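> So that you have it, the file is input-v4.tsv, and it contains TSV, C-alpha atoms:
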```
chain	number	residue	atom	x	y	z
N	1	MET	CA	31.91	200.11	-0.21
N	2	HIS	CA	29.39	200.98	2.48
N	3	LEU	CA	26.11	199.16	2.59
N	4	THR	CA	24.10	200.90	-0.11
N	5	GLU	CA	20.47	200.31	-0.93
N	6	ILE	CA	19.42	200.79	-4.53
N	7	ARG	CA	16.05	200.53	-6.21
N	8	VAL	CA	15.67	200.23	-9.97
N	9	ALA	CA	12.14	200.72	-11.26
N	10	GLY	CA	10.32	201.14	-14.54
N	11	PHE	CA	7.87	199.15	-16.57
N	12	GLY	CA	7.97	195.61	-17.88
N	13	GLY	CA	10.17	195.05	-20.91
N	14	GLN	CA	12.65	197.82	-20.09
N	15	GLY	CA	15.15	195.42	-18.58
N	16	VAL	CA	14.81	196.68	-15.04
N	17	ILE	CA	15.78	193.34	-13.51
N	18	LEU	CA	18.80	193.00	-15.78
N	19	SER	CA	20.09	196.46	-14.78
N	20	ALA	CA	19.73	195.52	-11.14
N	21	MET	CA	21.49	192.22	-11.72
N	22	VAL	CA	24.40	193.99	-13.43
N	23	ILE	CA	24.85	196.23	-10.38
N	24	GLY	CA	24.68	193.23	-8.04
N	25	LYS	CA	27.22	191.28	-10.06
N	26	ALA	CA	29.53	194.26	-10.34
N	27	ALA	CA	29.59	194.60	-6.57
N	28	SER	CA	30.13	190.92	-5.84
N	29	ILE	CA	31.67	189.00	-8.71
N	30	PHE	CA	33.72	191.89	-10.11
N	31	THR	CA	34.48	193.62	-6.83
N	32	GLU	CA	35.20	191.82	-3.58
N	33	GLY	CA	31.80	192.60	-2.13
N	34	PHE	CA	28.38	191.14	-1.55
N	35	ALA	CA	24.97	191.88	-2.99
N	36	THR	CA	21.37	190.79	-2.86
N	37	LEU	CA	18.77	191.31	-5.53
N	38	THR	CA	15.10	191.16	-4.60
N	39	GLN	CA	12.12	191.48	-6.89
N	40	SER	CA	8.51	191.52	-5.82
N	41	PHE	CA	5.62	189.91	-7.60
N	42	GLY	CA	2.10	190.99	-6.80
N	43	PRO	CA	-0.40	193.55	-8.02
N	44	GLU	CA	2.42	195.59	-9.52
N	45	ALA	CA	3.75	192.56	-11.37
N	46	ARG	CA	0.27	191.89	-12.71
N	47	GLY	CA	0.33	195.36	-14.22
N	48	SER	CA	3.16	196.89	-16.17
N	49	ALA	CA	5.27	198.15	-13.28
N	50	CYS	CA	8.56	196.47	-12.57
N	51	SER	CA	10.91	197.10	-9.68
N	52	ALA	CA	14.00	195.48	-8.20
N	53	GLN	CA	15.97	196.14	-5.05
N	54	VAL	CA	19.72	195.70	-4.87
N	55	ILE	CA	21.81	195.99	-1.76
N	56	VAL	CA	25.58	196.08	-2.13
N	57	SER	CA	28.04	195.95	0.71
N	58	ASP	CA	31.52	194.91	1.69
N	59	GLN	CA	29.88	192.60	4.24
N	60	PRO	CA	27.34	189.83	3.67
N	61	VAL	CA	23.87	191.35	3.42
N	62	LEU	CA	21.64	189.95	6.14
N	63	TYR	CA	18.52	191.98	5.57
N	64	PRO	CA	17.81	192.39	1.87
N	65	TYR	CA	14.70	194.55	2.10
N	66	VAL	CA	15.06	198.08	0.80
N	67	ALA	CA	12.70	200.38	2.64
N	68	ARG	CA	14.31	203.69	1.73
N	69	PRO	CA	16.88	203.58	-1.04
N	70	ASP	CA	20.12	205.52	-1.03
N	71	ILE	CA	19.97	205.45	-4.81
N	72	LEU	CA	16.86	205.31	-7.00
N	73	ILE	CA	17.03	204.67	-10.74
N	74	VAL	CA	13.70	205.23	-12.50
N	75	MET	CA	12.66	204.64	-16.08
N	76	SER	CA	8.93	205.45	-15.93
N	77	GLN	CA	6.67	208.19	-14.61
N	78	GLU	CA	4.79	205.74	-12.43
N	79	ALA	CA	8.03	204.54	-10.85
N	80	PHE	CA	9.14	208.12	-10.26
N	81	THR	CA	5.86	209.06	-8.62
N	82	ARG	CA	5.81	206.00	-6.43
N	83	PHE	CA	9.41	205.73	-5.31
N	84	ALA	CA	10.93	209.23	-5.44
N	85	PRO	CA	9.43	210.20	-2.05
N	86	GLU	CA	11.21	207.21	-0.46
N	87	VAL	CA	14.78	208.22	-1.33
N	88	LYS	CA	16.86	208.86	1.77
N	89	SER	CA	17.97	212.38	2.54
N	90	GLY	CA	21.42	212.76	1.04
N	91	GLY	CA	20.51	210.16	-1.54
N	92	LEU	CA	20.65	210.11	-5.31
N	93	LEU	CA	17.93	209.92	-7.94
N	94	LEU	CA	18.72	209.04	-11.57
N	95	PHE	CA	15.90	209.24	-14.08
N	96	GLU	CA	15.25	208.67	-17.76
N	97	GLU	CA	14.43	212.20	-18.79
N	98	ASP	CA	12.43	211.45	-21.94
N	99	LEU	CA	10.08	209.14	-20.03
N	100	VAL	CA	9.87	210.93	-16.70
N	101	ARG	CA	8.60	214.43	-16.19
N	102	PHE	CA	10.47	215.62	-13.13
N	103	THR	CA	8.00	217.04	-10.63
N	104	GLY	CA	10.24	217.49	-7.62
N	105	VAL	CA	11.71	215.46	-4.80
N	106	PRO	CA	12.23	216.10	-1.10
N	107	GLU	CA	15.08	218.46	-0.30
N	108	GLY	CA	18.57	217.06	-0.01
N	109	ILE	CA	18.28	214.56	-2.85
N	110	ARG	CA	20.73	214.86	-5.73
N	111	VAL	CA	18.93	214.42	-9.04
N	112	PHE	CA	20.31	213.70	-12.50
N	113	GLY	CA	18.44	212.98	-15.73
N	114	VAL	CA	19.68	211.20	-18.84
N	115	PRO	CA	17.97	210.79	-22.22
N	116	ALA	CA	18.69	207.06	-22.17
N	117	THR	CA	16.06	206.11	-24.71
N	118	ARG	CA	17.40	208.60	-27.22
N	119	LEU	CA	20.99	207.49	-26.62
N	120	ALA	CA	19.90	203.86	-27.07
N	121	GLU	CA	18.09	204.75	-30.29
N	122	GLU	CA	21.31	206.30	-31.59
N	123	LEU	CA	22.72	202.76	-31.35
N	124	GLY	CA	19.72	201.47	-33.28
N	125	LYS	CA	18.27	199.51	-30.35
N	126	ARG	CA	15.92	201.19	-27.96
N	127	MET	CA	15.99	198.00	-25.85
N	128	VAL	CA	19.43	198.85	-24.45
N	129	LEU	CA	18.19	201.92	-22.62
N	130	ASN	CA	18.54	199.97	-19.38
N	131	ILE	CA	22.26	199.52	-19.95
N	132	VAL	CA	22.62	203.20	-20.87
N	133	MET	CA	21.13	203.86	-17.42
N	134	VAL	CA	23.74	201.56	-15.85
N	135	GLY	CA	26.55	203.43	-17.60
N	136	PHE	CA	25.08	206.71	-16.38
N	137	PHE	CA	24.88	205.27	-12.86
N	138	ALA	CA	28.57	204.28	-13.13
N	139	ALA	CA	29.56	207.86	-13.91
N	140	ILE	CA	27.35	209.66	-11.41
N	141	ALA	CA	27.12	207.41	-8.36
N	142	GLY	CA	30.82	206.59	-8.06
N	143	LEU	CA	29.83	203.56	-6.00
N	144	LEU	CA	31.37	200.90	-8.21
N	145	THR	CA	34.16	201.23	-10.72
N	146	ARG	CA	33.49	201.65	-14.39
N	147	GLU	CA	35.46	198.44	-15.04
N	148	ALA	CA	33.48	196.31	-12.60
N	149	LEU	CA	30.17	197.50	-14.01
N	150	ARG	CA	31.33	197.12	-17.60
N	151	ASP	CA	32.55	193.58	-16.91
N	152	ALA	CA	29.22	192.80	-15.26
N	153	VAL	CA	27.39	194.01	-18.37
N	154	ALA	CA	29.53	191.77	-20.57
N	155	ASP	CA	28.82	188.85	-18.23
N	156	SER	CA	25.05	189.39	-18.14
N	157	VAL	CA	23.95	189.67	-21.75
N	158	PRO	CA	23.86	187.09	-24.54
N	159	PRO	CA	27.14	186.97	-26.48
N	160	ALA	CA	25.46	188.21	-29.66
N	161	PHE	CA	24.43	191.41	-27.87
N	162	LYS	CA	27.60	192.00	-25.89
N	163	ASP	CA	29.15	194.66	-28.12
N	164	LEU	CA	25.88	196.54	-28.45
N	165	ASN	CA	25.40	196.58	-24.69
N	166	LEU	CA	28.96	197.67	-24.02
N	167	ARG	CA	28.47	200.57	-26.42
N	168	ALA	CA	25.24	201.43	-24.62
N	169	PHE	CA	27.09	201.36	-21.32
N	170	ASP	CA	29.82	203.63	-22.67
N	171	LYS	CA	27.27	206.08	-24.07
N	172	GLY	CA	25.55	206.35	-20.70
N	173	TYR	CA	28.87	206.64	-18.92
N	174	ASP	CA	30.17	209.38	-21.22
N	175	TYR	CA	26.93	211.33	-20.91
N	176	GLY	CA	27.19	211.03	-17.15
N	177	ILE	CA	30.76	212.28	-17.05
N	178	GLN	CA	29.84	215.27	-19.20
N	179	HIS	CA	26.69	215.93	-17.26
N	180	ARG	CA	28.42	215.62	-13.94
N	181	GLU	CA	31.10	218.05	-14.97
N	182	ALA	CA	28.58	220.52	-16.32
N	183	CYS	CA	26.74	220.39	-13.04
N	184	HIS	CA	29.86	220.84	-10.99
N	185	SER	CA	30.92	223.84	-13.04
N	186	SER	CA	27.50	225.44	-12.77
N	187	GLY	CA	27.39	224.84	-9.07
N	188	ASN	CA	24.04	223.16	-9.66
N	189	ALA	CA	24.57	219.42	-9.53
N	190	GLY	CA	21.64	218.23	-11.54
N	191	LEU	CA	18.68	219.66	-9.73
N	192	VAL	CA	20.31	219.43	-6.34
N	193	GLY	CA	18.87	221.50	-3.61
N	194	THR	CA	17.05	223.90	-5.87
N	195	PRO	CA	14.06	224.68	-3.65
N	196	GLU	CA	11.95	225.89	-6.55
N	197	LEU	CA	12.18	222.41	-8.04
N	198	ALA	CA	12.26	220.34	-4.88
N	199	GLY	CA	8.81	219.53	-3.61
Q	1	MET	CA	-2.01	180.46	0.93
Q	2	HIS	CA	-0.10	180.97	4.17
Q	3	LEU	CA	3.20	182.77	4.10
Q	4	THR	CA	5.61	180.09	2.89
Q	5	GLU	CA	9.36	180.43	2.62
Q	6	ILE	CA	11.05	178.45	-0.12
Q	7	ARG	CA	14.70	178.10	-1.05
Q	8	VAL	CA	15.81	176.71	-4.41
Q	9	ALA	CA	19.49	175.85	-4.63
Q	10	GLY	CA	21.88	174.10	-6.95
Q	11	PHE	CA	24.76	175.09	-9.14
Q	12	GLY	CA	25.06	177.68	-11.88
Q	13	GLY	CA	23.55	176.73	-15.22
Q	14	GLN	CA	20.82	174.52	-13.75
Q	15	GLY	CA	18.21	177.23	-13.97
Q	16	VAL	CA	17.79	177.69	-10.24
Q	17	ILE	CA	16.70	181.31	-10.57
Q	18	LEU	CA	14.20	180.47	-13.30
Q	19	SER	CA	12.57	177.77	-11.14
Q	20	ALA	CA	12.28	180.24	-8.30
Q	21	MET	CA	10.82	182.84	-10.62
Q	22	VAL	CA	8.21	180.38	-11.88
Q	23	ILE	CA	7.09	179.72	-8.31
Q	24	GLY	CA	6.94	183.44	-7.55
Q	25	LYS	CA	4.94	184.18	-10.68
Q	26	ALA	CA	2.58	181.28	-10.05
Q	27	ALA	CA	1.79	182.67	-6.62
Q	28	SER	CA	1.28	186.24	-7.71
Q	29	ILE	CA	0.41	186.61	-11.35
Q	30	PHE	CA	-1.46	183.30	-11.71
Q	31	THR	CA	-2.93	183.19	-8.20
Q	32	GLU	CA	-4.19	186.19	-6.30
Q	33	GLY	CA	-1.15	186.29	-4.04
Q	34	PHE	CA	2.16	188.01	-3.51
Q	35	ALA	CA	5.74	186.86	-3.79
Q	36	THR	CA	9.30	188.07	-3.46
Q	37	LEU	CA	12.34	186.53	-5.07
Q	38	THR	CA	15.76	187.23	-3.61
Q	39	GLN	CA	19.11	186.08	-4.89
Q	40	SER	CA	22.44	186.69	-3.26
Q	41	PHE	CA	25.68	187.49	-4.97
Q	42	GLY	CA	28.92	187.02	-3.11
Q	43	PRO	CA	31.46	184.30	-2.54
Q	44	GLU	CA	28.88	181.70	-3.51
Q	45	ALA	CA	28.07	183.54	-6.71
Q	46	ARG	CA	31.77	183.73	-7.50
Q	47	GLY	CA	31.85	179.93	-7.31
Q	48	SER	CA	29.41	177.54	-8.90
Q	49	ALA	CA	26.72	177.55	-6.21
Q	50	CYS	CA	23.44	179.24	-6.95
Q	51	SER	CA	20.56	179.86	-4.61
Q	52	ALA	CA	17.33	181.83	-4.62
Q	53	GLN	CA	14.76	182.53	-1.96
Q	54	VAL	CA	11.08	182.84	-2.72
Q	55	ILE	CA	8.41	183.88	-0.29
Q	56	VAL	CA	4.79	183.46	-1.30
Q	57	SER	CA	1.83	184.73	0.65
Q	58	ASP	CA	-1.74	185.94	0.37
Q	59	GLN	CA	-0.51	189.21	1.89
Q	60	PRO	CA	2.23	191.55	0.67
Q	61	VAL	CA	5.60	190.23	1.79
Q	62	LEU	CA	7.31	192.80	3.99
Q	63	TYR	CA	10.39	190.87	5.01
Q	64	PRO	CA	11.79	188.88	2.10
Q	65	TYR	CA	14.67	187.20	3.84
Q	66	VAL	CA	14.43	183.43	4.20
Q	67	ALA	CA	16.28	182.29	7.29
Q	68	ARG	CA	14.71	178.85	7.64
Q	69	PRO	CA	12.73	177.61	4.67
Q	70	ASP	CA	9.47	175.74	4.91
Q	71	ILE	CA	10.35	174.14	1.60
Q	72	LEU	CA	13.82	173.42	0.22
Q	73	ILE	CA	14.40	172.33	-3.38
Q	74	VAL	CA	17.98	171.21	-4.01
Q	75	MET	CA	19.73	170.18	-7.21
Q	76	SER	CA	23.29	169.69	-6.00
Q	77	GLN	CA	25.13	167.93	-3.20
Q	78	GLU	CA	26.66	171.17	-2.01
Q	79	ALA	CA	23.25	172.79	-1.78
Q	80	PHE	CA	21.87	169.80	0.10
Q	81	THR	CA	24.73	169.83	2.59
Q	82	ARG	CA	24.51	173.54	3.16
Q	83	PHE	CA	20.78	174.12	3.32
Q	84	ALA	CA	19.14	170.86	4.47
Q	85	PRO	CA	19.90	171.57	8.15
Q	86	GLU	CA	18.01	174.86	7.89
Q	87	VAL	CA	14.63	173.42	6.88
Q	88	LYS	CA	11.95	174.14	9.47
Q	89	SER	CA	10.55	171.26	11.47
Q	90	GLY	CA	7.44	170.11	9.66
Q	91	GLY	CA	8.96	171.34	6.43
Q	92	LEU	CA	9.55	169.71	3.09
Q	93	LEU	CA	12.72	168.82	1.22
Q	94	LEU	CA	12.69	167.98	-2.49
Q	95	PHE	CA	15.93	166.81	-4.05
Q	96	GLU	CA	17.30	165.73	-7.41
Q	97	GLU	CA	18.13	162.14	-6.59
Q	98	ASP	CA	20.74	161.50	-9.28
Q	99	LEU	CA	22.78	164.50	-8.19
Q	100	VAL	CA	22.26	164.40	-4.43
Q	101	ARG	CA	23.24	161.54	-2.19
Q	102	PHE	CA	20.75	161.75	0.64
Q	103	THR	CA	22.60	161.70	3.94
Q	104	GLY	CA	19.82	162.54	6.34
Q	105	VAL	CA	17.94	165.54	7.63
Q	106	PRO	CA	16.68	166.57	11.06
Q	107	GLU	CA	13.60	164.68	12.22
Q	108	GLY	CA	10.22	165.93	11.19
Q	109	ILE	CA	11.16	166.94	7.67
Q	110	ARG	CA	9.31	165.27	4.80
Q	111	VAL	CA	11.73	164.28	2.05
Q	112	PHE	CA	11.07	163.33	-1.57
Q	113	GLY	CA	13.56	162.61	-4.35
Q	114	VAL	CA	13.05	162.79	-8.09
Q	115	PRO	CA	15.39	161.73	-10.92
Q	116	ALA	CA	14.83	165.06	-12.64
Q	117	THR	CA	17.96	164.91	-14.78
Q	118	ARG	CA	17.00	161.49	-16.14
Q	119	LEU	CA	13.43	162.61	-16.80
Q	120	ALA	CA	14.76	165.70	-18.57
Q	121	GLU	CA	17.11	163.55	-20.64
Q	122	GLU	CA	14.12	161.45	-21.74
Q	123	LEU	CA	12.87	164.65	-23.36
Q	124	GLY	CA	16.24	165.08	-25.05
Q	125	LYS	CA	17.19	168.19	-23.07
Q	126	ARG	CA	18.97	167.86	-19.78
Q	127	MET	CA	18.64	171.64	-19.36
Q	128	VAL	CA	14.96	171.37	-18.42
Q	129	LEU	CA	15.67	169.48	-15.22
Q	130	ASN	CA	14.80	172.65	-13.31
Q	131	ILE	CA	11.28	172.64	-14.72
Q	132	VAL	CA	10.93	168.92	-13.97
Q	133	MET	CA	11.69	169.91	-10.38
Q	134	VAL	CA	8.96	172.56	-10.52
Q	135	GLY	CA	6.45	169.98	-11.76
Q	136	PHE	CA	7.48	167.66	-8.96
Q	137	PHE	CA	7.08	170.52	-6.49
Q	138	ALA	CA	3.56	171.13	-7.87
Q	139	ALA	CA	2.58	167.53	-7.17
Q	140	ILE	CA	4.18	167.12	-3.75
Q	141	ALA	CA	3.92	170.50	-2.02
Q	142	GLY	CA	0.28	171.20	-2.85
Q	143	LEU	CA	1.00	174.87	-2.18
Q	144	LEU	CA	0.05	176.21	-5.61
Q	145	THR	CA	-2.21	174.69	-8.21
Q	146	ARG	CA	-0.88	172.70	-11.11
Q	147	GLU	CA	-2.53	175.19	-13.46
Q	148	ALA	CA	-0.95	178.28	-11.88
Q	149	LEU	CA	2.51	176.73	-11.97
Q	150	ARG	CA	2.08	175.44	-15.50
Q	151	ASP	CA	0.91	178.86	-16.69
Q	152	ALA	CA	3.89	180.43	-14.95
Q	153	VAL	CA	6.24	178.05	-16.78
Q	154	ALA	CA	4.66	178.99	-20.11
Q	155	ASP	CA	5.04	182.67	-19.21
Q	156	SER	CA	8.69	182.39	-18.17
Q	157	VAL	CA	10.46	180.59	-20.99
Q	158	PRO	CA	11.20	181.67	-24.57
Q	159	PRO	CA	8.35	180.77	-26.95
Q	160	ALA	CA	10.54	178.31	-28.86
Q	161	PHE	CA	11.07	176.29	-25.67
Q	162	LYS	CA	7.56	176.50	-24.29
Q	163	ASP	CA	6.33	173.06	-25.36
Q	164	LEU	CA	9.52	171.38	-24.18
Q	165	ASN	CA	9.27	173.04	-20.78
Q	166	LEU	CA	5.60	172.21	-20.40
Q	167	ARG	CA	6.40	168.56	-21.13
Q	168	ALA	CA	9.18	168.72	-18.55
Q	169	PHE	CA	6.74	170.19	-16.05
Q	170	ASP	CA	4.20	167.44	-16.75
Q	171	LYS	CA	6.85	164.73	-16.39
Q	172	GLY	CA	7.88	166.03	-13.00
Q	173	TYR	CA	4.27	166.43	-11.96
Q	174	ASP	CA	3.29	162.90	-13.00
Q	175	TYR	CA	6.32	161.44	-11.25
Q	176	GLY	CA	5.36	163.35	-8.14
Q	177	ILE	CA	1.78	162.14	-8.20
Q	178	GLN	CA	2.95	158.52	-8.58
Q	179	HIS	CA	5.64	158.95	-5.98
Q	180	ARG	CA	3.31	160.64	-3.53
Q	181	GLU	CA	0.78	157.84	-3.89
Q	182	ALA	CA	3.40	155.15	-3.51
Q	183	CYS	CA	4.61	156.79	-0.33
Q	184	HIS	CA	1.16	157.11	1.06
Q	185	SER	CA	0.38	153.49	0.37
Q	186	SER	CA	3.60	152.30	1.97
Q	187	GLY	CA	3.03	154.47	4.99
Q	188	ASN	CA	6.48	155.90	4.35
Q	189	ALA	CA	6.06	159.29	2.74
Q	190	GLY	CA	9.36	159.58	0.98
Q	191	LEU	CA	11.85	159.28	3.77
Q	192	VAL	CA	9.58	160.90	6.29
Q	193	GLY	CA	10.35	160.30	9.88
Q	194	THR	CA	12.44	157.22	9.32
Q	195	PRO	CA	14.86	157.62	12.20
Q	196	GLU	CA	17.47	155.37	10.62
Q	197	LEU	CA	17.75	157.87	7.77
Q	198	ALA	CA	17.05	161.09	9.59
Q	199	GLY	CA	20.19	162.57	11.11
```
Translate this structure into structure tokens?


Amino acid sequence: MHLTEIRVAGFGGQGVILSAMVIGKAASIFTEGFATLTQSFGPEARGSACSAQVIVSDQPVLYPYVARPDILIVMSQEAFTRFAPEVKSGGLLLFEEDLVRFTGVPEGIRVFGVPATRLAEELGKRMVLNIVMVGFFAAIAGLLTREALRDAVADSVPPAFKDLNLRAFDKGYDYGIQHREACHSSGNAGLVGTPELAG
Amino acid sequence: MHLTEIRVAGFGGQGVILSAMVIGKAASIFTEGFATLTQSFGPEARGSACSAQVIVSDQPVLYPYVARPDILIVMSQEAFTRFAPEVKSGGLLLFEEDLVRFTGVPEGIRVFGVPATRLAEELGKRMVLNIVMVGFFAAIAGLLTREALRDAVADSVPPAFKDLNLRAFDKGYDYGIQHREACHSSGNAGLVGTPELAG
């Protein structure tokens, strides 16, 4: 596991911090790695925006500040607009496609959307959209194993909500596997490198 | 509010992260400042140790990594042993005195203990010892106002536990005010600069 910088962003109440914590735990507690999780409070925290930075690595993380993420996970239009331009070339952008209208990213970014809210609503609880996103991340990013992330979900939610969240994770994961395969077969991985959409 | 680096450390289940979050929120949402909160996952997270780093400032925080804290708040012996040597000269160390046996710090560090667990038990809930520590911090550090920290407590705990946590905060605060005055009157601010104890 190379040092990988990840930003998760959305609005308050979506469980942004919990998603980030699941990724951090998966890398460290359920894989033999290290992680830091940083959240900022300030003008953005006084509004509705919410953002967390996770760095995972097989070495201790000495500098936890994410300037340009390798992976960006966004659950709101505002987060997309603000952070999409910062994704590193060669990086990955995952977005909630019912909440974010995709308006382009710099070239060389792989982009995948997931209707996480709708998938969460199919489980009867819109609130688990954040864990759907984590499942989707598991399938697409290939950074951490499905098992480590799933165990981290189970470890991070209240016992009464464990089954619900694991089902949310699985839904996001399955969608990601299907979506990833569809992209591979079409030769168009998400919106990768399609100049008419990028920029 | 100058840029101030704070580490809160203890063991899992003590609410270390919540205390740190309260301080971060107090600085940003309830004062016109900025804050970052960073937690690390790794070997320490796989054990029982738990530590969080908060940086508060009147400017956006660009570099959220705490190398040497200005203020250290410790709730376990292990945390004391590990982090006390890192406190900056001129800094402040607050410790839970029923859980930490004070064994000295470098010269020039102001040190104050509080029986937070006992004070929490007087409220019938040992679990609020972390918020007692925050109240104590409010009284001793003078970094953030009592009101901002108290509002941040109210904003950070489940509604059903709000009154309990506010009483815990007040208990820690009152103890701090009394303790601070006692120290001042004795000319011995906590264990400040007493060479027989320092080192």

> For stretch 74-77 of chain Q, list every protein, DNA or RNA residue within 7 Å, evaluated using only C-alpha atoms, and leave out those in the same chain fewer than 5 positions away; present the list as a PDB file with C-alpha atoms, in the coordinates of the input.


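Writing the result to part38.pdb gives the following:
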```pdb
ATOM      1  CA  VAL Q   8      15.810 176.710  -4.410  1.00  0.00           C
ATOM      2  CA  ALA Q   9      19.490 175.850  -4.630  1.00  0.00           C
ATOM      3  CA  GLY Q  10      21.880 174.100  -6.950  1.00  0.00           C
ATOM      4  CA  PHE Q  11      24.760 175.090  -9.140  1.00  0.00           C
ATOM      5  CA  LEU Q  94      12.690 167.980  -2.490  1.00  0.00           C
ATOM      6  CA  PHE Q  95      15.930 166.810  -4.050  1.00  0.00           C
ATOM      7  CA  GLU Q  96      17.300 165.730  -7.410  1.00  0.00           C
ATOM      8  CA  LEU Q  99      22.780 164.500  -8.190  1.00  0.00           C
ATOM      9  CA  VAL Q 100      22.260 164.400  -4.430  1.00  0.00           C
ATOM     10  CA  ARG Q 101      23.240 161.540  -2.190  1.00  0.00           C
TER      11      ARG Q 101
END
```

> Of the candidates Q:Leu93, Q:Ala35, Q:Val153, Q:Ile17, which shows the shortest atom-to-atom distance to Q:Asp58, using only C-alpha atoms?

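For Q:Asp58, the nearest of the candidates is Q:Ala35.
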
> Taking all atoms listed in the file into account, produce a table as CSV in which each residue of chain Q with an atom at most 12 Å from an atom of chain N appears once, together with its shortest atom pair and the distance in Å to one decimal, ordered by chain and rising number.


```
residue,atom,partner,partner_atom,distance
Q:Ile17,CA,N:Leu37,CA,11.4
Q:Ala20,CA,N:Gln39,CA,11.3
Q:Met21,CA,N:Phe41,CA,9.3
Q:Val22,CA,N:Phe41,CA,10.8
Q:Ile23,CA,N:Phe41,CA,10.3
Q:Gly24,CA,N:Phe41,CA,6.6
Q:Lys25,CA,N:Phe41,CA,6.5
Q:Ala26,CA,N:Phe41,CA,9.5
Q:Ala27,CA,N:Phe41,CA,8.2
Q:Ser28,CA,N:Gly42,CA,4.9
Q:Ile29,CA,N:Arg46,CA,5.5
Q:Phe30,CA,N:Arg46,CA,8.8
Q:Thr31,CA,N:Gly42,CA,9.4
Q:Glu32,CA,N:Gly42,CA,7.9
Q:Gly33,CA,N:Gly42,CA,6.3
Q:Phe34,CA,N:Gly42,CA,4.4
Q:Ala35,CA,N:Phe41,CA,4.9
Q:Thr36,CA,N:Ser40,CA,4.3
Q:Leu37,CA,N:Gln39,CA,5.3
Q:Thr38,CA,N:Thr38,CA,4.1
Q:Gln39,CA,N:Leu37,CA,5.3
Q:Ser40,CA,N:Thr36,CA,4.3
Q:Phe41,CA,N:Ala35,CA,4.9
Q:Gly42,CA,N:Phe34,CA,4.4
Q:Pro43,CA,N:Ser28,CA,7.5
Q:Glu44,CA,N:Ile29,CA,9.4
Q:Ala45,CA,N:Ile29,CA,6.8
Q:Arg46,CA,N:Ile29,CA,5.4
Q:Gly47,CA,N:Ile29,CA,9.2
Q:Ser48,CA,N:Ile29,CA,11.7
Q:Ser51,CA,N:Thr36,CA,11.1
Q:Ala52,CA,N:Thr38,CA,9.6
Q:Gln53,CA,N:Thr38,CA,9.0
Q:Val54,CA,N:Thr38,CA,9.4
Q:Ile55,CA,N:Ser40,CA,9.4
Q:Val56,CA,N:Phe41,CA,9.1
Q:Ser57,CA,N:Gly42,CA,9.7
Q:Asp58,CA,N:Gly42,CA,9.6
Q:Gln59,CA,N:Gly42,CA,9.2
Q:Pro60,CA,N:Gly42,CA,7.5
Q:Val61,CA,N:Ser40,CA,8.2
Q:Leu62,CA,N:Tyr65,CA,7.8
Q:Tyr63,CA,N:Tyr65,CA,6.4
Q:Pro64,CA,N:Tyr65,CA,6.4
Q:Tyr65,CA,N:Tyr63,CA,6.4
Q:Val66,CA,N:Tyr63,CA,9.6
Q:Ala67,CA,N:Leu62,CA,9.4
```

> List the neighbours of Q:Arg126 out to 12 Å using all atoms listed in the file; skip same-chain residues closer than 6 positions along the sequence, and give me the result as JSON, numbers by chain.

{"Q": [13, 14, 15, 115, 116, 117, 118, 119, 120, 132, 164, 165, 168]}

> Which is closer to N:Lys162 than all the others in N:Val128, N:Asp98, N:Leu143, N:Met133, using only C-alpha atoms?

N:Val128

> Rounded to one decimal place, report the atom CA of Q:Thr103-atom CA of Q:Phe80 distance in Å.

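Spanning atom CA of Q:Thr103 to atom CA of Q:Phe80 is a straight-line distance of 9.0 Å.
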
> Between atom CA of Q:Gly135 and atom CA of Q:Phe169, what distance in Å does the model show, to one decimal?

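Taking atom CA of Q:Gly135 and atom CA of Q:Phe169, their separation equals 4.3 Å.
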
> May I ask which of the residues Q:Ser156, Q:Gln178, Q:Thr145, Q:Thr4 is the closest one to Q:Leu72, counting all atoms listed in the file?

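When distances to Q:Leu72 are compared using all atoms listed in the file, the smallest one comes from Q:Thr4.
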
> Restricting the calculation to all atoms listed in the file: of Q:Ile177, Q:Val111, Q:Ile131, Q:Leu3, which residue gets closest to Q:Val87?

Q:Val111

> Which value, in Å to one decimal, gives the distance between atom CA of N:His179 and atom CA of N:Leu92?

14.6 Å

> Determine the nearest neighbour of N:Gly90 from the options N:Pro69, N:Gly104, N:Gly172, N:Gly124, counting all atoms listed in the file.

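Smallest distance to N:Gly90 is found for N:Pro69.
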
> Neighbouring residues of N:Gly176 were defined as those with any atom within 7 Å, considering all atoms listed in the file; residues of the same chain fewer than 4 positions away were excluded. Please report them as a PyMOL selection string.

chain N and resi 136+139-140+172+180
